[in-house]
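Encoded as structure tokens, the structure appears first; notes follow it.
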Amino acid sequence: MCGRNSLFIDQADLEARFDAEVVTDGGYTPRYNIAPGDNLNIVTNEAPDEIDAYHWGLIPFWADEPEEGIINARSETADEKCVFERAWESRPCLVPSSGFYEWKAPNGGAKQPYRIYREDDPAFAMAGLWDVWEGEDEMISCITILTTEPNDLMSSIHDRMPVILPQDVESDWLAADPDTRKDLCQPYPRDDLDAYEISTRVNNPRNDDSQVIEPLDHEQSGLGEFSS
């Protein structure tokens, strides 16, 4: 799954990385600890040259009142679920990230948080679906992040991971038909992801500063160390 995200790249670098302009009301704010229910910066297929902010949690269209929504969708079955039907068919998006967080409970003990990131890319893209919930008096643009089976790195931490798109297929994700996009929902195929243990400060979403990403003294990184 993906239950916490970050995006703290400078705005100019973010816009250059995705060849898009920030159009978010109130501007862009770097974030180290983005929780479900917060806004996520995204790039949609309908506006690939814009970076906007949508509510993290896809609200079912049948909901009478706005709610937190569904933060993750299994890519293997999203096309079979009524709640994701129109989003899957025609509303893909990119979710920029400076790194996401996952928790591991070794031997049933206390959960240890990890930061997963790309050292050579200060912002990569996760695959998402967007939709618009319409109430009587408001409309909420919302998104969910797609997940898939873990790759070798993630398998030692969790049994799911977000769909991370290699940079050379990001535009394909936005422009492709549903069947082609489903083929792109694979465990991240490259070996440039890394991970390390961080403190439990990340557990509290109010802790939203650079201290969140500081490694523990007994930093672990790389699959070999995770597997020992």
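The chains in the structure tokens are called A, B, ... from first to last as shown; in each chain the residues are counted from 1, and the ligands are counted from 1 in the order shown.
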
Just the residues within 7 Å of Asp52 (chain A), please, counting only C-alpha atoms, with nothing from its chain fewer than 2 positions along; format it as a VMD selection string.
chain A and resid 22 to 24 41 to 43 50 54

10 Å contact set for region 177-191 of chain A, only C-alpha atoms, chain neighbours under 5 positions out, as a PyMOL selection string
chain A and resi 74-79+88-92+118+127+146-154+160-166+169-170+172+222

Pick from A:Ala63, A:Val212, A:Ala12, A:Ala195: nearest to Arg115 (chain A), with only C-alpha atoms counted?
->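 Closest candidate: A:Ala195.
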
*Show which residues sit within 6 Å of Lys104 (chain A), as a count of residues only. Count only C-alpha atoms, and ignore same-chain residues fewer than 6 positions away.*
3

One number please: CA of Gln211 (chain A) to CA of Glu119 (chain A), in Å, one decimal.
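Interatomic distance here is 17.6 Å.
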